[in-house]
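Peer 1: Structure: coords26.cif, mmCIF, C-alpha atoms and all ligand atoms.
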```cif
data_model
loop_
_atom_site.label_atom_id
_atom_site.label_comp_id
_atom_site.auth_asym_id
_atom_site.auth_seq_id
_atom_site.Cartn_x
_atom_site.Cartn_y
_atom_site.Cartn_z
CA MET A 294 -10.43 118.63 -86.42
CA GLY A 295 -10.69 117.32 -90.01
CA ARG A 296 -13.61 115.23 -91.26
CA ILE A 297 -12.84 112.41 -93.66
CA LYS A 298 -14.87 112.76 -96.86
CA GLU A 299 -16.42 109.52 -98.05
CA THR A 300 -19.08 108.49 -100.54
CA THR A 301 -22.58 108.32 -99.05
CA ASP A 302 -24.07 105.80 -101.47
CA MET A 303 -25.72 103.41 -98.99
CA LYS A 304 -25.99 100.52 -101.47
CA THR A 305 -22.26 100.01 -101.14
CA PRO A 306 -20.84 100.23 -97.64
CA ARG A 307 -18.23 102.82 -96.79
CA ILE A 308 -15.45 100.52 -95.65
CA ALA A 309 -12.69 101.52 -93.25
CA ILE A 310 -9.78 99.12 -92.86
CA VAL A 311 -7.86 99.86 -89.68
CA GLY A 312 -4.26 98.67 -90.10
CA GLY A 313 -2.10 98.52 -93.21
CA GLY A 314 -0.28 95.28 -92.44
CA PRO A 315 -0.43 92.24 -94.75
CA GLY A 316 -4.07 91.52 -93.88
CA GLY A 317 -5.40 95.06 -94.22
CA LEU A 318 -3.57 95.73 -97.48
CA MET A 319 -4.62 92.39 -98.97
CA LEU A 320 -8.26 93.26 -98.21
CA ALA A 321 -7.77 96.65 -99.90
CA ARG A 322 -6.21 95.00 -102.95
CA THR A 323 -8.96 92.37 -103.18
CA LEU A 324 -11.67 95.02 -103.00
CA CYS A 325 -9.80 97.10 -105.59
CA VAL A 326 -9.53 94.31 -108.18
CA ARG A 327 -13.18 93.43 -107.63
CA GLY A 328 -14.39 96.99 -108.22
CA ALA A 329 -15.08 98.15 -104.66
CA THR A 330 -13.40 100.88 -102.63
CA ALA A 331 -12.08 101.29 -99.10
CA VAL A 332 -9.83 103.47 -96.99
CA VAL A 333 -6.89 102.00 -95.07
CA PHE A 334 -5.90 103.82 -91.90
CA GLU A 335 -2.34 102.98 -90.86
CA ARG A 336 -0.51 103.97 -87.68
CA ASP A 337 2.94 104.28 -89.29
CA PRO A 338 3.74 107.85 -90.39
CA HIS A 339 4.99 106.64 -93.79
CA PRO A 340 5.85 103.36 -95.57
CA LEU A 341 9.52 103.36 -94.48
CA ALA A 342 8.92 104.49 -90.90
CA ARG A 343 10.12 101.21 -89.37
CA PRO A 344 11.58 97.92 -90.51
CA GLN A 345 8.63 95.57 -91.00
CA GLY A 346 10.32 92.53 -89.43
CA GLY A 347 11.78 89.26 -90.63
CA THR A 348 10.99 86.62 -93.19
CA LEU A 349 7.65 84.84 -93.64
CA ASP A 350 6.93 81.51 -95.31
CA ILE A 351 3.95 81.82 -97.63
CA HIS A 352 1.82 78.69 -97.91
CA ALA A 353 0.34 77.42 -101.17
CA ASP A 354 -3.22 76.83 -99.99
CA THR A 355 -3.68 80.14 -98.14
CA GLY A 356 -1.15 82.97 -98.57
CA GLN A 357 -0.20 82.13 -102.15
CA LEU A 358 -3.82 81.48 -103.08
CA ALA A 359 -4.84 84.90 -101.73
CA LEU A 360 -2.06 86.57 -103.72
CA ALA A 361 -3.08 84.66 -106.86
CA ARG A 362 -6.72 85.65 -106.53
CA ALA A 363 -5.58 89.26 -106.16
CA GLY A 364 -3.60 89.00 -109.40
CA LEU A 365 -0.27 89.34 -107.60
CA THR A 366 1.45 86.04 -108.43
CA PRO A 367 4.07 87.61 -110.76
CA GLU A 368 4.98 90.21 -108.12
CA PHE A 369 5.08 87.47 -105.46
CA LEU A 370 7.37 85.29 -107.55
CA ARG A 371 9.78 88.22 -107.91
CA ILE A 372 10.27 88.38 -104.11
CA ALA A 373 9.78 84.69 -103.20
CA ARG A 374 12.91 82.86 -102.06
CA TYR A 375 12.24 79.19 -102.79
CA GLU A 376 15.92 78.48 -102.14
CA ASP A 377 15.65 79.49 -98.47
CA GLN A 378 13.24 76.85 -97.15
CA GLY A 379 15.86 74.83 -95.31
CA SER A 380 15.42 73.77 -91.69
CA ARG A 381 18.07 72.43 -89.32
CA LEU A 382 17.78 71.40 -85.68
CA LEU A 383 20.91 71.26 -83.50
CA ASP A 384 21.64 70.60 -79.87
CA LYS A 385 23.83 72.91 -77.82
CA THR A 386 27.01 71.07 -78.78
CA GLY A 387 26.35 71.85 -82.43
CA ARG A 388 25.30 68.29 -83.30
CA VAL A 389 22.76 68.33 -86.15
CA VAL A 390 19.76 66.15 -85.24
CA PHE A 391 17.52 67.10 -88.17
CA GLU A 392 18.12 68.60 -91.57
CA GLU A 393 15.91 68.91 -94.60
CA SER A 394 17.76 67.47 -97.53
CA ASP A 395 16.83 70.06 -100.17
CA PRO A 396 16.10 73.62 -98.99
CA ALA A 397 14.57 74.49 -102.39
CA ALA A 398 12.20 71.53 -102.63
CA GLY A 399 9.21 72.83 -100.66
CA ASP A 400 6.24 74.94 -101.72
CA ARG A 401 6.45 77.44 -98.87
CA PRO A 402 8.90 80.06 -100.14
CA GLU A 403 10.13 82.80 -97.86
CA VAL A 404 9.49 86.49 -98.44
CA ASP A 405 10.79 89.44 -96.49
CA ARG A 406 7.98 91.21 -94.72
CA THR A 407 9.09 94.60 -96.06
CA ALA A 408 9.06 93.26 -99.63
CA LEU A 409 5.57 91.80 -99.16
CA ARG A 410 4.25 95.08 -97.79
CA ASP A 411 5.80 96.89 -100.72
CA VAL A 412 4.10 94.56 -103.24
CA LEU A 413 0.74 95.04 -101.54
CA LEU A 414 1.15 98.81 -101.20
CA ARG A 415 1.97 99.24 -104.87
CA SER A 416 -1.12 97.23 -105.78
CA VAL A 417 -3.68 99.69 -104.37
CA PRO A 418 -4.30 103.32 -105.32
CA GLU A 419 -2.00 105.57 -103.30
CA THR A 420 -4.93 107.67 -102.10
CA TRP A 421 -6.51 104.68 -100.38
CA VAL A 422 -3.85 104.51 -97.65
CA ARG A 423 -3.90 107.21 -94.98
CA TRP A 424 -0.60 107.16 -93.10
CA ASN A 425 -0.16 108.54 -89.59
CA HIS A 426 -3.73 107.56 -88.65
CA VAL A 427 -3.68 105.88 -85.26
CA LEU A 428 -7.18 104.80 -84.34
CA ARG A 429 -8.05 106.22 -80.94
CA THR A 430 -11.74 105.45 -80.50
CA MET A 431 -14.60 103.98 -82.43
CA ARG A 432 -18.18 104.93 -81.51
CA PRO A 433 -21.44 103.42 -82.73
CA LYS A 434 -23.89 106.08 -83.93
CA SER A 435 -27.70 105.98 -83.76
CA ASP A 436 -27.98 105.50 -87.56
CA GLY A 437 -26.04 102.19 -87.37
CA THR A 438 -22.74 103.62 -88.64
CA TYR A 439 -19.47 104.03 -86.69
CA ASP A 440 -17.49 107.15 -86.08
CA LEU A 441 -13.72 106.61 -86.09
CA GLU A 442 -11.49 109.08 -84.28
CA PHE A 443 -7.78 109.19 -84.92
CA GLU A 444 -4.98 110.55 -82.77
CA ASN A 445 -4.12 113.15 -85.43
CA GLY A 446 -7.52 114.75 -84.89
CA THR A 447 -9.31 113.45 -88.00
CA SER A 448 -12.56 111.51 -87.76
CA GLY A 449 -15.19 110.07 -90.04
CA PRO A 450 -18.26 107.83 -90.30
CA PHE A 451 -18.18 104.36 -91.88
CA ASP A 452 -20.72 101.59 -92.47
CA LEU A 453 -18.22 98.76 -92.06
CA VAL A 454 -15.04 98.89 -89.99
CA VAL A 455 -12.56 96.05 -90.45
CA GLY A 456 -10.06 95.68 -87.63
CA ALA A 457 -6.82 94.57 -89.29
CA ASP A 458 -4.80 96.26 -86.57
CA GLY A 459 -2.95 93.27 -85.20
CA THR A 460 -2.42 91.83 -81.72
CA TRP A 461 -3.51 94.90 -79.74
CA SER A 462 -6.45 95.76 -81.96
CA ARG A 463 -8.47 98.79 -80.91
CA VAL A 464 -11.42 97.54 -82.96
CA ARG A 465 -11.60 94.13 -81.22
CA PRO A 466 -13.18 95.40 -77.93
CA LEU A 467 -16.36 96.27 -79.87
CA VAL A 468 -16.98 92.60 -80.57
CA SER A 469 -14.95 90.59 -78.07
CA PRO A 470 -13.91 90.94 -74.42
CA TYR A 471 -10.81 88.77 -74.90
CA ARG A 472 -7.29 90.14 -74.75
CA PRO A 473 -4.27 88.18 -75.97
CA GLN A 474 -2.46 86.38 -73.15
CA TYR A 475 1.27 85.99 -72.70
CA THR A 476 2.20 82.43 -73.67
CA GLY A 477 5.19 82.26 -71.30
CA VAL A 478 7.61 82.31 -74.23
CA MET A 479 9.88 85.31 -74.76
CA MET A 480 11.89 85.96 -77.90
CA ILE A 481 14.74 88.42 -77.97
CA GLU A 482 15.39 89.49 -81.53
CA PHE A 483 18.33 91.09 -83.34
CA GLY A 484 19.87 90.93 -86.80
CA ILE A 485 23.18 90.03 -88.39
CA ASP A 486 23.96 92.19 -91.42
CA ASP A 487 25.86 91.07 -94.49
CA ILE A 488 26.47 87.62 -93.00
CA ASP A 489 27.88 85.99 -96.16
CA THR A 490 30.73 88.48 -96.43
CA CYS A 491 31.34 89.40 -92.79
CA HIS A 492 30.65 86.05 -91.07
CA PRO A 493 30.97 83.19 -93.59
CA THR A 494 31.26 80.52 -90.87
CA LEU A 495 27.99 81.66 -89.31
CA ALA A 496 26.42 81.83 -92.77
CA ARG A 497 27.23 78.13 -93.25
CA LEU A 498 25.85 77.31 -89.79
CA VAL A 499 22.53 79.00 -90.62
CA GLY A 500 22.39 77.48 -94.10
CA ARG A 501 19.61 78.26 -96.59
CA GLY A 502 16.66 78.86 -94.29
CA LYS A 503 16.23 78.34 -90.57
CA MET A 504 18.65 76.97 -87.99
CA GLU A 505 17.40 76.17 -84.54
CA ALA A 506 19.61 75.10 -81.64
CA GLN A 507 17.78 73.93 -78.55
CA SER A 508 18.89 72.72 -75.13
CA ASP A 509 18.41 73.56 -71.44
CA ALA A 510 14.90 74.96 -72.02
CA ARG A 511 16.18 77.73 -74.29
CA ALA A 512 16.78 78.11 -77.99
CA ILE A 513 18.69 80.12 -80.55
CA ILE A 514 16.85 80.43 -83.86
CA ALA A 515 18.52 82.07 -86.86
CA GLN A 516 16.60 82.72 -90.08
CA ARG A 517 18.03 83.80 -93.39
CA ASN A 518 16.34 86.87 -94.91
CA ALA A 519 17.04 88.42 -98.31
CA ASN A 520 20.18 90.48 -98.97
CA SER A 521 22.49 88.37 -96.80
CA HIS A 522 20.65 89.41 -93.63
CA VAL A 523 19.90 86.96 -90.83
CA ARG A 524 17.38 87.44 -88.00
CA VAL A 525 18.22 85.78 -84.72
CA TYR A 526 15.69 84.99 -82.00
CA LEU A 527 16.83 83.89 -78.54
CA VAL A 528 13.93 82.01 -77.00
CA PHE A 529 13.30 81.66 -73.26
CA ARG A 530 10.46 80.45 -71.07
CA VAL A 531 10.41 83.29 -68.53
CA PRO A 532 8.01 85.78 -66.90
CA GLU A 533 6.94 88.64 -69.12
CA THR A 534 8.88 91.18 -67.04
CA TRP A 535 12.16 89.20 -67.16
CA PRO A 536 13.90 91.05 -70.04
CA ALA A 537 13.32 94.51 -68.54
CA ARG A 538 14.49 93.30 -65.11
CA THR A 539 17.55 91.50 -66.49
CA PHE A 540 18.97 93.67 -69.30
CA ASP A 541 19.47 97.34 -69.97
CA PHE A 542 18.22 97.55 -73.54
CA SER A 543 19.49 101.13 -73.82
CA CYS A 544 23.04 99.67 -73.85
CA SER A 545 23.41 97.03 -76.56
CA THR A 546 26.95 96.06 -75.46
CA SER A 547 25.93 95.12 -71.93
CA THR A 548 22.74 93.45 -73.19
CA ARG A 549 24.77 91.35 -75.62
CA VAL A 550 27.18 90.29 -72.84
CA GLY A 551 24.20 89.42 -70.63
CA LEU A 552 22.59 87.38 -73.39
CA ILE A 553 25.79 85.46 -74.07
CA GLY A 554 25.86 84.66 -70.34
CA GLN A 555 22.52 82.87 -70.73
CA PHE A 556 24.20 80.18 -72.85
CA PRO A 557 27.25 79.31 -70.68
CA ASP A 558 28.20 75.85 -71.93
CA TRP A 559 26.90 76.06 -75.51
CA ALA A 560 29.20 75.49 -78.47
CA PRO A 561 31.05 78.76 -79.19
CA GLU A 562 30.22 78.52 -82.89
CA ILE A 563 26.51 78.81 -82.01
CA VAL A 564 26.96 81.57 -79.40
CA ASP A 565 28.96 83.50 -82.02
CA LEU A 566 25.56 84.33 -83.54
CA ILE A 567 24.97 86.60 -80.53
CA ARG A 568 28.46 88.14 -80.75
CA ALA A 569 27.86 89.00 -84.42
CA GLY A 570 24.47 90.59 -83.80
CA ASN A 571 23.72 94.24 -84.54
CA ASP A 572 22.69 96.75 -81.88
CA ASN A 573 18.96 96.64 -82.50
CA ILE A 574 18.06 94.14 -79.74
CA VAL A 575 14.31 93.89 -79.11
CA PRO A 576 12.34 91.70 -76.67
CA ARG A 577 9.26 90.11 -78.25
CA PRO A 578 6.90 88.49 -75.75
CA ILE A 579 4.69 85.99 -77.57
CA TYR A 580 0.93 86.46 -77.09
CA ALA A 581 -2.05 84.46 -78.24
CA LEU A 582 -5.83 84.67 -78.21
CA PRO A 583 -7.69 81.52 -77.10
CA ILE A 584 -7.97 78.71 -79.65
CA ASP A 585 -11.46 79.01 -81.18
CA HIS A 586 -11.71 82.73 -80.35
CA ARG A 587 -15.03 83.98 -81.78
CA TRP A 588 -17.66 86.63 -81.17
CA PRO A 589 -21.36 87.21 -81.88
CA ASN A 590 -21.79 88.96 -85.23
CA ARG A 591 -22.26 92.71 -84.92
CA ILE A 592 -23.34 94.59 -88.03
CA GLY A 593 -20.69 97.05 -89.17
CA VAL A 594 -17.65 95.63 -87.36
CA THR A 595 -15.40 92.69 -88.08
CA LEU A 596 -11.80 91.56 -87.63
CA LEU A 597 -9.18 89.73 -89.66
CA GLY A 598 -5.66 88.41 -89.19
CA ASP A 599 -3.96 88.81 -85.82
CA ALA A 600 -6.73 91.08 -84.57
CA ALA A 601 -9.08 88.10 -84.88
CA HIS A 602 -6.81 85.20 -83.94
CA VAL A 603 -3.25 86.11 -82.97
CA MET A 604 -1.34 82.91 -82.31
CA SER A 605 2.25 81.97 -81.55
CA PRO A 606 4.55 82.27 -84.57
CA PHE A 607 5.81 78.73 -83.98
CA GLY A 608 2.93 77.40 -86.05
CA GLY A 609 4.00 79.54 -89.04
CA ASP A 610 0.42 80.27 -90.15
CA GLY A 611 -0.12 83.85 -88.90
CA VAL A 612 0.45 85.87 -92.03
CA ASN A 613 -1.05 83.15 -94.21
CA ASN A 614 -4.27 83.28 -92.23
CA ALA A 615 -4.28 87.09 -92.41
CA LEU A 616 -3.89 87.07 -96.19
CA PHE A 617 -6.53 84.40 -96.69
CA ASP A 618 -9.01 86.04 -94.29
CA ALA A 619 -8.64 89.22 -96.34
CA ALA A 620 -9.14 87.41 -99.65
CA GLU A 621 -12.26 85.71 -98.35
CA LEU A 622 -13.78 88.83 -96.80
CA GLY A 623 -13.06 90.81 -99.96
CA ARG A 624 -14.60 88.12 -102.16
CA ARG A 625 -17.77 87.84 -100.08
CA LEU A 626 -18.22 91.62 -99.81
CA THR A 627 -18.17 91.97 -103.59
CA GLU A 628 -20.33 88.99 -104.52
CA GLY A 629 -23.77 90.44 -103.77
CA THR A 630 -25.64 93.34 -102.23
CA ASP A 631 -26.19 91.91 -98.73
CA TRP A 632 -22.93 93.10 -97.19
CA PRO A 633 -23.92 92.42 -93.55
CA GLY A 634 -24.76 88.84 -94.60
CA ALA A 635 -21.42 88.58 -96.41
CA VAL A 636 -19.55 89.63 -93.27
CA ALA A 637 -21.49 87.14 -91.12
CA ALA A 638 -20.71 84.34 -93.58
CA TYR A 639 -17.02 85.32 -93.64
CA GLU A 640 -16.87 85.21 -89.84
CA ALA A 641 -18.63 81.84 -89.55
CA ASP A 642 -16.20 80.33 -92.05
CA MET A 643 -13.11 82.05 -90.58
CA PHE A 644 -13.87 80.91 -87.03
CA GLU A 645 -13.90 77.27 -88.15
CA ARG A 646 -11.05 77.57 -90.67
CA THR A 647 -8.51 78.94 -88.18
CA ILE A 648 -9.11 76.52 -85.28
CA GLU A 649 -6.60 74.00 -86.58
CA SER A 650 -3.90 76.65 -87.04
CA ALA A 651 -4.47 78.05 -83.58
CA ALA A 652 -4.34 74.58 -82.02
CA HIS A 653 -1.17 73.77 -83.94
CA ALA A 654 0.44 77.08 -82.90
CA ALA A 655 -0.50 76.44 -79.26
CA GLU A 656 0.98 72.95 -79.43
CA ALA A 657 4.12 74.31 -81.05
CA VAL A 658 4.65 77.04 -78.45
CA ALA A 659 4.12 74.47 -75.70
CA THR A 660 6.72 72.08 -77.11
CA VAL A 661 9.38 74.54 -78.27
CA LEU A 662 11.24 74.48 -74.94
CA SER A 663 9.92 71.30 -73.44
CA HIS A 664 11.39 69.27 -70.61
CA ASP A 665 12.01 66.52 -73.17
CA ASP A 666 14.66 68.76 -74.69
CA LEU A 667 14.84 68.17 -78.44
CA ALA A 668 12.55 65.14 -78.64
CA LEU A 669 9.22 66.98 -78.98
CA SER A 670 10.64 69.60 -81.33
CA LEU A 671 12.03 66.88 -83.52
CA GLU A 672 8.66 65.11 -83.59
CA HIS A 673 6.97 68.43 -84.39
CA LEU A 674 9.42 69.20 -87.21
CA LYS A 675 9.00 65.76 -88.74
CA ALA A 676 5.22 65.94 -88.53
CA HIS A 677 4.63 69.48 -89.71
CA ARG A 678 7.67 70.91 -91.43
CA ALA A 679 9.52 68.22 -93.27
CA PRO A 680 8.74 68.04 -96.97
CA PRO A 681 9.09 64.67 -98.67
CA GLY A 682 12.79 63.94 -98.49
CA GLY A 683 13.25 65.48 -95.04
CA ALA A 684 15.75 63.39 -93.15
CA ILE A 685 17.28 62.83 -89.75
CA ALA A 686 20.89 63.76 -90.30
CA SER A 687 22.12 61.97 -87.22
CA ALA A 688 20.46 60.43 -84.23
C1 LIG B 1 8.68 87.17 -84.13
C2 LIG B 1 7.55 86.81 -85.07
C3 LIG B 1 7.78 85.97 -86.15
C4 LIG B 1 6.74 85.60 -87.02
N1 LIG B 1 6.99 84.74 -88.04
C5 LIG B 1 5.97 84.33 -88.84
C6 LIG B 1 6.17 83.41 -89.91
O1 LIG B 1 7.29 82.94 -90.16
N2 LIG B 1 5.10 83.03 -90.66
C7 LIG B 1 3.86 83.53 -90.44
O2 LIG B 1 2.91 83.16 -91.15
N3 LIG B 1 3.63 84.42 -89.45
C8 LIG B 1 4.64 84.83 -88.65
N4 LIG B 1 4.40 85.72 -87.64
C9 LIG B 1 3.03 86.23 -87.47
C10 LIG B 1 2.72 87.32 -88.48
O3 LIG B 1 3.69 88.35 -88.32
C11 LIG B 1 1.34 87.89 -88.24
O4 LIG B 1 0.41 86.84 -88.14
C12 LIG B 1 0.92 88.82 -89.37
O5 LIG B 1 1.79 89.93 -89.45
C13 LIG B 1 -0.51 89.31 -89.14
O6 LIG B 1 -0.83 90.27 -90.11
P1 LIG B 1 -1.94 91.35 -89.78
O7 LIG B 1 -2.06 92.20 -91.01
O8 LIG B 1 -3.15 90.71 -89.22
O9 LIG B 1 -1.35 92.22 -88.56
P2 LIG B 1 -0.01 93.05 -88.44
O10 LIG B 1 1.06 92.54 -89.30
O11 LIG B 1 0.28 93.17 -86.98
O12 LIG B 1 -0.39 94.49 -89.01
C14 LIG B 1 -1.20 95.36 -88.26
C15 LIG B 1 -1.06 96.77 -88.81
O13 LIG B 1 -1.96 97.62 -88.09
C16 LIG B 1 -1.29 98.81 -87.71
N5 LIG B 1 -1.95 99.30 -86.50
C17 LIG B 1 -1.88 98.77 -85.25
N6 LIG B 1 -2.63 99.48 -84.41
C18 LIG B 1 -3.19 100.48 -85.13
C19 LIG B 1 -4.07 101.56 -84.80
N7 LIG B 1 -4.55 101.76 -83.54
N8 LIG B 1 -4.46 102.42 -85.79
C20 LIG B 1 -4.00 102.24 -87.06
N9 LIG B 1 -3.16 101.24 -87.42
C21 LIG B 1 -2.76 100.38 -86.46
C22 LIG B 1 0.16 98.40 -87.51
O14 LIG B 1 1.06 99.48 -87.63
C23 LIG B 1 0.34 97.35 -88.62
O15 LIG B 1 0.77 97.93 -89.83
C24 LIG B 1 5.43 86.11 -86.78
C25 LIG B 1 5.20 86.96 -85.70
C26 LIG B 1 6.24 87.31 -84.84
C27 LIG B 1 5.95 88.20 -83.64
#
```
Could you spell out this file's structure in structure tokens?

Peer 2:
Amino acid sequence: MGRIKETTDMKTPRIAIVGGGPGGLMLARTLCVRGATAVVFERDPHPLARPQGGTLDIHADTGQLALARAGLTPEFLRIARYEDQGSRLLDKTGRVVFEESDPAAGDRPEVDRTALRDVLLRSVPETWVRWNHVLRTMRPKSDGTYDLEFENGTSGPFDLVVGADGTWSRVRPLVSPYRPQYTGVMMIEFGIDDIDTCHPTLARLVGRGKMEAQSDARAIIAQRNANSHVRVYLVFRVPETWPARTFDFSCSTSTRVGLIGQFPDWAPEIVDLIRAGNDNIVPRPIYALPIDHRWPNRIGVTLLGDAAHVMSPFGGDGVNNALFDAAELGRRLTEGTDWPGAVAAYEADMFERTIESAAHAAEAVATVLSHDDLALSLEHLKAHRAPPGGAIASA
């Protein structure tokens, strides 16, 4: 079993960041530019081990601010797609009930998750990130430090462990008894490759940004990513076990036929999105921690991002909160010598700061497939998503 060598200077804490997602890497970058050090332990065996997921809108007052403070605005602008901020709402007949008039007008550009991870990864010393390190256990020691044990057999002591390990955080149980709960909303995700060349009609339907068709308590959401790729999410309000009981995900052809059967009287031009989908069909149950999730401060352990406050993606704040949490924690940790006090102050601020997001995300997941059909979604879009100039295309 290997021991991880770390500095033992007790004036500066030995910081372990568990999870190399957007939050964990942003904390590493922030510490790096402010002269501190840390080690990031990431589960993935290497940077390209899996596709990182779809597109994320990065908000000016949180995600973009964190990137700016970390000196990454030029890199961000190279991957930001301002032109893909469009939003359209349709009913199942294909009638457009809402459309933003100018997809490029907003200040929440889209970035592909893989591109964002790449920017963050390149911004920290290579030796800081330890791939193939799946945290198994974390034990408090009598001297106030924590021993981390990884599934690859390595272990090591740290003064401060930051859980940036997402929804199913293995750090969280040290501070909080809560586990994320299934929200009742299930997304089934797949992609459409090279849509502009191979499926130009569908490309026009999706437009520059997000298209959402909603009726009969289900939805089809299609989101434009970079490189002519589109991610499609079929959204259902069903028990958590429904996908496994209903489809054989080992056979994409039969799964696709089964999914098409879920939208029997929908306009064929919308259902064509399912026909055009690739074979990588993945169920994504949506989980959330309680609004106002918090814990009593415990010296040497804290959380950020989804580990601290996973919420439904319908609010659109998840990655923005993760990036901003990281920027704030990094700033506070490098401002003085009282690092336990800095962590406590970060937590107190973060608990309050994220309540509104969590409440908004909970409201959004509750209304996405409401009995009022499109009415509540339309109200939600107009209230929260429409930039000045957003317009009802037809009533
Ligand atoms: C379908 C979907 C769509 C979304 N769309 C949006 C959107 O448009 N806008 C938005 O703001 N947010 C969106 N989100 C939410 C957003 O993805 C998250 O809020 C964000 O990724 C949180 O970042 P994070 O760094 O906290 O956690 P994560 O991105 O989950 O990263 C956690 C990292 O920890 C690693 N890890 C996990 N366990 C361990 C372990 N035991 N040991 C070591 N490493 C571990 C993982 O491999 C991963 O790299 C969406 C989420 C979903 C599910």

Peer 1: Would you compute the distance between atom CA of A:Arg343 and atom CA of A:Arg322? Give it in Å to one decimal.

Peer 2: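 Computed distance, atom CA of A:Arg343 to atom CA of A:Arg322, equals 22.1 Å.
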
Peer 1: So that I can check the surroundings of stretch 519-522 of chain A, please list as an MDAnalysis selection string every protein, DNA and RNA residue that reaches within 10 Å of it, counting all atoms listed in the file and ignoring chain neighbours fewer than 2 positions away.

Peer 2: chainID A and resid 347:348 372:374 377 403:405 408 484:491 496 516:517 524:525

Peer 1: Mind dumping the selected residues with C-alpha atoms as a PDB file, keeping the file's coordinate frame?

Peer 2:
```pdb
ATOM      1  CA  GLY A 347      11.780  89.260 -90.630  1.00  0.00           C
ATOM      2  CA  THR A 348      10.990  86.620 -93.190  1.00  0.00           C
ATOM      3  CA  ILE A 372      10.270  88.380-104.110  1.00  0.00           C
ATOM      4  CA  ALA A 373       9.780  84.690-103.200  1.00  0.00           C
ATOM      5  CA  ARG A 374      12.910  82.860-102.060  1.00  0.00           C
ATOM      6  CA  ASP A 377      15.650  79.490 -98.470  1.00  0.00           C
ATOM      7  CA  GLU A 403      10.130  82.800 -97.860  1.00  0.00           C
ATOM      8  CA  VAL A 404       9.490  86.490 -98.440  1.00  0.00           C
ATOM      9  CA  ASP A 405      10.790  89.440 -96.490  1.00  0.00           C
ATOM     10  CA  ALA A 408       9.060  93.260 -99.630  1.00  0.00           C
ATOM     11  CA  GLY A 484      19.870  90.930 -86.800  1.00  0.00           C
ATOM     12  CA  ILE A 485      23.180  90.030 -88.390  1.00  0.00           C
ATOM     13  CA  ASP A 486      23.960  92.190 -91.420  1.00  0.00           C
ATOM     14  CA  ASP A 487      25.860  91.070 -94.490  1.00  0.00           C
ATOM     15  CA  ILE A 488      26.470  87.620 -93.000  1.00  0.00           C
ATOM     16  CA  ASP A 489      27.880  85.990 -96.160  1.00  0.00           C
ATOM     17  CA  THR A 490      30.730  88.480 -96.430  1.00  0.00           C
ATOM     18  CA  CYS A 491      31.340  89.400 -92.790  1.00  0.00           C
ATOM     19  CA  ALA A 496      26.420  81.830 -92.770  1.00  0.00           C
ATOM     20  CA  GLN A 516      16.600  82.720 -90.080  1.00  0.00           C
ATOM     21  CA  ARG A 517      18.030  83.800 -93.390  1.00  0.00           C
ATOM     22  CA  ARG A 524      17.380  87.440 -88.000  1.00  0.00           C
ATOM     23  CA  VAL A 525      18.220  85.780 -84.720  1.00  0.00           C
TER      24      VAL A 525
END
```

Peer 1: Please provide the set of residues having any atom within 8 Å of A:Arg472, restricted to only C-alpha atoms, with same-chain residues fewer than 2 positions apart removed, written as a PyMOL selection string.

Peer 2: chain A and resi 461+470+474+582

Peer 1: List the spatial neighbours of stretch 535-541 of chain A as a PyMOL selection string - criterion: any atom at most 9 Å away, all atoms listed in the file, same-chain residues fewer than 6 positions off excluded.

Peer 2: chain A and resi 479+481+547-549+551-552+576

Peer 1: Could you tell me how far atom CA of A:Arg336 sits from atom CA of A:Leu428, in Å to one decimal place?

Peer 2: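 Pair atom CA of A:Leu428 / atom CA of A:Arg336 returns 7.5 Å.
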
Peer 1: Using the file's own x, y and z axes, so that the box edges lie along x, y and z, what centre and edge lengths in Å (one decimal) does a box around every listed atom of ligand LIG 1 (chain B) get when 4 Å is added on each side? Give it as JSON.

Peer 2:
```
{"center_x": 2.1, "center_y": 92.7, "center_z": -87.3, "size_x": 21.2, "size_y": 27.5, "size_z": 15.6}
```

Peer 1: At a cut-off of 10 Å, using all atoms listed in the file, what residues contact A:Ala309? Leave out same-chain residues fewer than 3 positions from it and give the result as a list of chain:residue names.

Peer 2: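 Using all atoms listed in the file, the neighbours found are A:Pro306, A:Gly312, A:Gly317, A:Ala321, A:Thr330, A:Ala331, A:Val332, A:Val333, A:Phe334, A:Trp421, A:Tyr439, A:Leu441, A:Gly449, A:Pro450, A:Phe451, A:Asp452, A:Leu453, A:Val454, A:Val455, A:Gly456, A:Ala457, A:Val594.
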
Peer 1: Just the selected residues (C-alpha atoms), exported as a CSV table (one decimal), keeping the file's coordinate frame, please.

Peer 2:
```csv
chain,number,residue,atom,x,y,z
A,306,PRO,CA,-20.8,100.2,-97.6
A,312,GLY,CA,-4.3,98.7,-90.1
A,317,GLY,CA,-5.4,95.1,-94.2
A,321,ALA,CA,-7.8,96.6,-99.9
A,330,THR,CA,-13.4,100.9,-102.6
A,331,ALA,CA,-12.1,101.3,-99.1
A,332,VAL,CA,-9.8,103.5,-97.0
A,333,VAL,CA,-6.9,102.0,-95.1
A,334,PHE,CA,-5.9,103.8,-91.9
A,421,TRP,CA,-6.5,104.7,-100.4
A,439,TYR,CA,-19.5,104.0,-86.7
A,441,LEU,CA,-13.7,106.6,-86.1
A,449,GLY,CA,-15.2,110.1,-90.0
A,450,PRO,CA,-18.3,107.8,-90.3
A,451,PHE,CA,-18.2,104.4,-91.9
A,452,ASP,CA,-20.7,101.6,-92.5
A,453,LEU,CA,-18.2,98.8,-92.1
A,454,VAL,CA,-15.0,98.9,-90.0
A,455,VAL,CA,-12.6,96.0,-90.4
A,456,GLY,CA,-10.1,95.7,-87.6
A,457,ALA,CA,-6.8,94.6,-89.3
A,594,VAL,CA,-17.6,95.6,-87.4
```
